[in-house]
Amino acid sequence: MPSTGIRIHPKRPVADGILFDDLENFGPKERAFLAARGVVFCTQFKANGRTYSGNIIATSWDHAENIAFGRGLDEEVIGVCVRPSA
């Protein structure tokens, strides 16, 4: 039976049951609070012919890369969030 690829939730940042946006359950004030402290790292990964973006809350770039690796989605840390979207 051929693989169907990674299953992405249609409305939430979830891939194969793994949340790939740590800010999913935070409101705008909390997102801004964390981003202002430089602990939100932007990520991206490709699945099923599309690029998906996410966020990781971590204490450093290396810490964020370790979290991304642990998710098993081939996420790449691409930057530090300085101004979160609402």
# chains A, B, ... in the order shown; residues from 1 in each chain; ligands from 1
$ closest_atom_pairs --of "segment 37-56 of chain A" --to "segment 7-15 of chain A" --cutoff "12 Å" --atoms "only C-alpha atoms" --output "tab-separated table"
residue	atom	partner	partner_atom	distance
A:Gln44	CA	A:Pro13	CA	11.6
A:Phe45	CA	A:Ala15	CA	10.4
A:Lys46	CA	A:Ala15	CA	10.9
A:Ala47	CA	A:Ile8	CA	8.5
A:Asn48	CA	A:Arg7	CA	8.6
A:Gly49	CA	A:Ile8	CA	11.9
A:Arg50	CA	A:Ile8	CA	10.6
A:Thr51	CA	A:Ile8	CA	11.4
A:Tyr52	CA	A:Pro13	CA	8.6
A:Ser53	CA	A:Pro13	CA	8.6
A:Gly54	CA	A:Pro13	CA	7.4
A:Asn55	CA	A:Pro13	CA	9.8
$ write_last_selection --atoms "N, CA, C and O atoms" --output "mmCIF file, in the first residue's frame"
data_model
loop_
_atom_site.group_PDB
_atom_site.id
_atom_site.type_symbol
_atom_site.label_atom_id
_atom_site.label_comp_id
_atom_site.auth_asym_id
_atom_site.auth_seq_id
_atom_site.Cartn_x
_atom_site.Cartn_y
_atom_site.Cartn_z
ATOM 1 N N GLN A 44 10.070 25.905 9.542
ATOM 2 C CA GLN A 44 9.313 25.486 8.362
ATOM 3 C C GLN A 44 9.688 24.052 8.017
ATOM 4 O O GLN A 44 10.761 23.575 8.382
ATOM 5 N N PHE A 45 8.762 23.391 7.349
ATOM 6 C CA PHE A 45 9.024 22.050 6.838
ATOM 7 C C PHE A 45 8.157 21.830 5.612
ATOM 8 O O PHE A 45 7.174 22.541 5.394
ATOM 9 N N LYS A 46 8.551 20.874 4.799
ATOM 10 C CA LYS A 46 7.795 20.562 3.589
ATOM 11 C C LYS A 46 7.129 19.210 3.746
ATOM 12 O O LYS A 46 7.727 18.271 4.272
ATOM 13 N N ALA A 47 5.896 19.153 3.294
ATOM 14 C CA ALA A 47 5.134 17.913 3.319
ATOM 15 C C ALA A 47 4.091 17.960 2.220
ATOM 16 O O ALA A 47 3.461 19.000 2.011
ATOM 17 N N ASN A 48 3.946 16.865 1.534
ATOM 18 C CA ASN A 48 2.900 16.727 0.516
ATOM 19 C C ASN A 48 2.945 17.850 -0.527
ATOM 20 O O ASN A 48 1.918 18.348 -0.970
ATOM 21 N N GLY A 49 4.166 18.290 -0.870
ATOM 22 C CA GLY A 49 4.318 19.307 -1.903
ATOM 23 C C GLY A 49 4.061 20.730 -1.446
ATOM 24 O O GLY A 49 4.006 21.641 -2.265
ATOM 25 N N ARG A 50 3.909 20.954 -0.150
ATOM 26 C CA ARG A 50 3.655 22.303 0.385
ATOM 27 C C ARG A 50 4.652 22.617 1.487
ATOM 28 O O ARG A 50 5.224 21.718 2.089
ATOM 29 N N THR A 51 4.814 23.910 1.767
ATOM 30 C CA THR A 51 5.663 24.346 2.868
ATOM 31 C C THR A 51 4.774 24.828 4.008
ATOM 32 O O THR A 51 3.841 25.597 3.789
ATOM 33 N N TYR A 52 5.070 24.362 5.206
ATOM 34 C CA TYR A 52 4.313 24.731 6.403
ATOM 35 C C TYR A 52 5.242 25.464 7.362
ATOM 36 O O TYR A 52 6.420 25.145 7.459
ATOM 37 N N SER A 53 4.694 26.443 8.066
ATOM 38 C CA SER A 53 5.492 27.182 9.039
ATOM 39 C C SER A 53 4.951 26.934 10.435
ATOM 40 O O SER A 53 3.767 26.651 10.618
ATOM 41 N N GLY A 54 5.850 27.042 11.402
ATOM 42 C CA GLY A 54 5.467 26.846 12.784
ATOM 43 C C GLY A 54 6.322 27.687 13.705
ATOM 44 O O GLY A 54 7.116 28.514 13.243
ATOM 45 N N ASN A 55 6.163 27.457 14.985
ATOM 46 C CA ASN A 55 6.919 28.177 16.003
ATOM 47 C C ASN A 55 7.308 27.219 17.114
ATOM 48 O O ASN A 55 6.561 26.301 17.449
#
$ closest_residue --among "A:Ile18, A:Val77, A:Ala36, A:Val82" --to "Trp61 of chain A" --atoms "only C-alpha atoms"
A:Val77
$ select_by_dssp --residues "chain A" --states "helix (DSSP H, G or I)" --output "PyMOL selection string"
chain A and resi 28-36+61-71
$ write_last_selection --atoms "N, CA, C and O atoms" --output "short mmCIF file (atom, residue, chain, number, x, y, z; two decimals), in the first residue's frame"
data_model
loop_
_atom_site.label_atom_id
_atom_site.label_comp_id
_atom_site.auth_asym_id
_atom_site.auth_seq_id
_atom_site.Cartn_x
_atom_site.Cartn_y
_atom_site.Cartn_z
N PRO A 28 -2.96 36.94 21.56
CA PRO A 28 -2.03 37.94 21.02
C PRO A 28 -1.10 38.55 22.07
O PRO A 28 0.08 38.77 21.80
N LYS A 29 -1.60 38.80 23.26
CA LYS A 29 -0.75 39.40 24.31
C LYS A 29 0.35 38.44 24.74
O LYS A 29 1.50 38.84 24.92
N GLU A 30 -0.01 37.18 24.91
CA GLU A 30 0.98 36.19 25.31
C GLU A 30 2.02 35.96 24.21
O GLU A 30 3.21 35.82 24.49
N ARG A 31 1.56 35.94 22.96
CA ARG A 31 2.48 35.79 21.82
C ARG A 31 3.48 36.93 21.79
O ARG A 31 4.68 36.73 21.62
N ALA A 32 2.98 38.15 21.97
CA ALA A 32 3.85 39.33 21.95
C ALA A 32 4.83 39.30 23.12
O ALA A 32 6.00 39.66 22.96
N PHE A 33 4.35 38.90 24.28
CA PHE A 33 5.19 38.80 25.47
C PHE A 33 6.37 37.86 25.22
O PHE A 33 7.52 38.20 25.51
N LEU A 34 6.10 36.68 24.69
CA LEU A 34 7.16 35.70 24.43
C LEU A 34 8.10 36.17 23.32
O LEU A 34 9.31 36.04 23.43
N ALA A 35 7.53 36.70 22.25
CA ALA A 35 8.36 37.16 21.13
C ALA A 35 9.30 38.29 21.56
O ALA A 35 10.46 38.34 21.15
N ALA A 36 8.80 39.18 22.39
CA ALA A 36 9.62 40.30 22.86
C ALA A 36 10.83 39.82 23.66
O ALA A 36 11.84 40.52 23.73
N TRP A 61 18.73 29.06 20.07
CA TRP A 61 18.62 28.47 18.72
C TRP A 61 18.89 26.97 18.78
O TRP A 61 18.15 26.17 18.20
N ASP A 62 19.95 26.57 19.50
CA ASP A 62 20.28 25.14 19.62
C ASP A 62 19.14 24.37 20.28
O ASP A 62 18.81 23.26 19.85
N HIS A 63 18.55 24.95 21.31
CA HIS A 63 17.43 24.31 21.98
C HIS A 63 16.26 24.13 21.01
O HIS A 63 15.63 23.07 20.95
N ALA A 64 15.98 25.18 20.22
CA ALA A 64 14.90 25.10 19.23
C ALA A 64 15.19 24.01 18.19
O ALA A 64 14.29 23.27 17.80
N GLU A 65 16.43 23.91 17.75
CA GLU A 65 16.79 22.86 16.78
C GLU A 65 16.59 21.47 17.36
O GLU A 65 16.15 20.56 16.67
N ASN A 66 16.91 21.32 18.64
CA ASN A 66 16.70 20.02 19.29
C ASN A 66 15.22 19.67 19.36
O ASN A 66 14.83 18.52 19.14
N ILE A 67 14.40 20.65 19.67
CA ILE A 67 12.95 20.43 19.72
C ILE A 67 12.43 20.08 18.32
O ILE A 67 11.65 19.14 18.16
N ALA A 68 12.87 20.83 17.31
CA ALA A 68 12.45 20.57 15.94
C ALA A 68 12.84 19.15 15.52
O ALA A 68 12.03 18.42 14.94
N PHE A 69 14.05 18.75 15.83
CA PHE A 69 14.50 17.39 15.50
C PHE A 69 13.62 16.36 16.18
O PHE A 69 13.21 15.37 15.57
N GLY A 70 13.29 16.61 17.44
CA GLY A 70 12.47 15.67 18.21
C GLY A 70 11.06 15.51 17.68
O GLY A 70 10.43 14.47 17.88
N ARG A 71 10.55 16.51 16.99
CA ARG A 71 9.20 16.41 16.42
C ARG A 71 9.16 15.43 15.25
O ARG A 71 8.10 14.92 14.91
#
$ residues_around --residues "Phe41 of chain A" --least-positions-apart "3" --cutoff "6 Å" --atoms "only C-alpha atoms" --output "short mmCIF file (atom, residue, chain, number, x, y, z; two decimals) with all heavy atoms, in the first residue's frame"
data_model
loop_
_atom_site.label_atom_id
_atom_site.label_comp_id
_atom_site.auth_asym_id
_atom_site.auth_seq_id
_atom_site.Cartn_x
_atom_site.Cartn_y
_atom_site.Cartn_z
N ASN A 55 6.16 27.46 14.99
CA ASN A 55 6.92 28.18 16.00
C ASN A 55 7.31 27.22 17.11
O ASN A 55 6.56 26.30 17.45
CB ASN A 55 6.09 29.31 16.62
CG ASN A 55 5.78 30.39 15.62
OD1 ASN A 55 6.67 31.11 15.18
ND2 ASN A 55 4.51 30.51 15.23
N ILE A 56 8.47 27.50 17.68
CA ILE A 56 8.96 26.74 18.83
C ILE A 56 9.33 27.74 19.92
O ILE A 56 10.00 28.73 19.64
CB ILE A 56 10.20 25.90 18.44
CG1 ILE A 56 9.79 24.77 17.50
CG2 ILE A 56 10.89 25.35 19.68
CD1 ILE A 56 10.95 23.96 16.96
N GLY A 79 14.49 31.32 11.95
CA GLY A 79 14.63 32.67 12.49
C GLY A 79 14.02 32.80 13.86
O GLY A 79 13.43 31.87 14.40
N VAL A 80 14.17 34.01 14.40
CA VAL A 80 13.59 34.35 15.70
C VAL A 80 12.42 35.28 15.45
O VAL A 80 12.55 36.27 14.71
CB VAL A 80 14.64 35.04 16.60
CG1 VAL A 80 14.03 35.43 17.93
CG2 VAL A 80 15.84 34.14 16.80
N CYS A 81 11.28 34.98 16.04
CA CYS A 81 10.10 35.81 15.89
C CYS A 81 10.25 37.08 16.74
O CYS A 81 10.49 36.98 17.94
CB CYS A 81 8.86 35.04 16.31
SG CYS A 81 7.32 35.96 16.15
#
$ atom_distance --atom1 "atom CA of Val40 of chain A" --atom2 "atom CA of Ala58 of chain A"
6.4 Å
$ select_by_dssp --residues "chain A" --states "strand (DSSP E or B)" --output "number ranges by chain"
A: 8, 14-15, 18-19, 21, 40-47, 50-57, 76-80
$ closest_residue --among "A:Asp16, A:Ile6, A:Glu24, A:Gly38" --to "Ser60 of chain A" --atoms "only C-alpha atoms"
A:Gly38
$ atom_distance --atom1 "atom CA of Gly27 of chain A" --atom2 "atom CA of Val39 of chain A"
15.9 Å
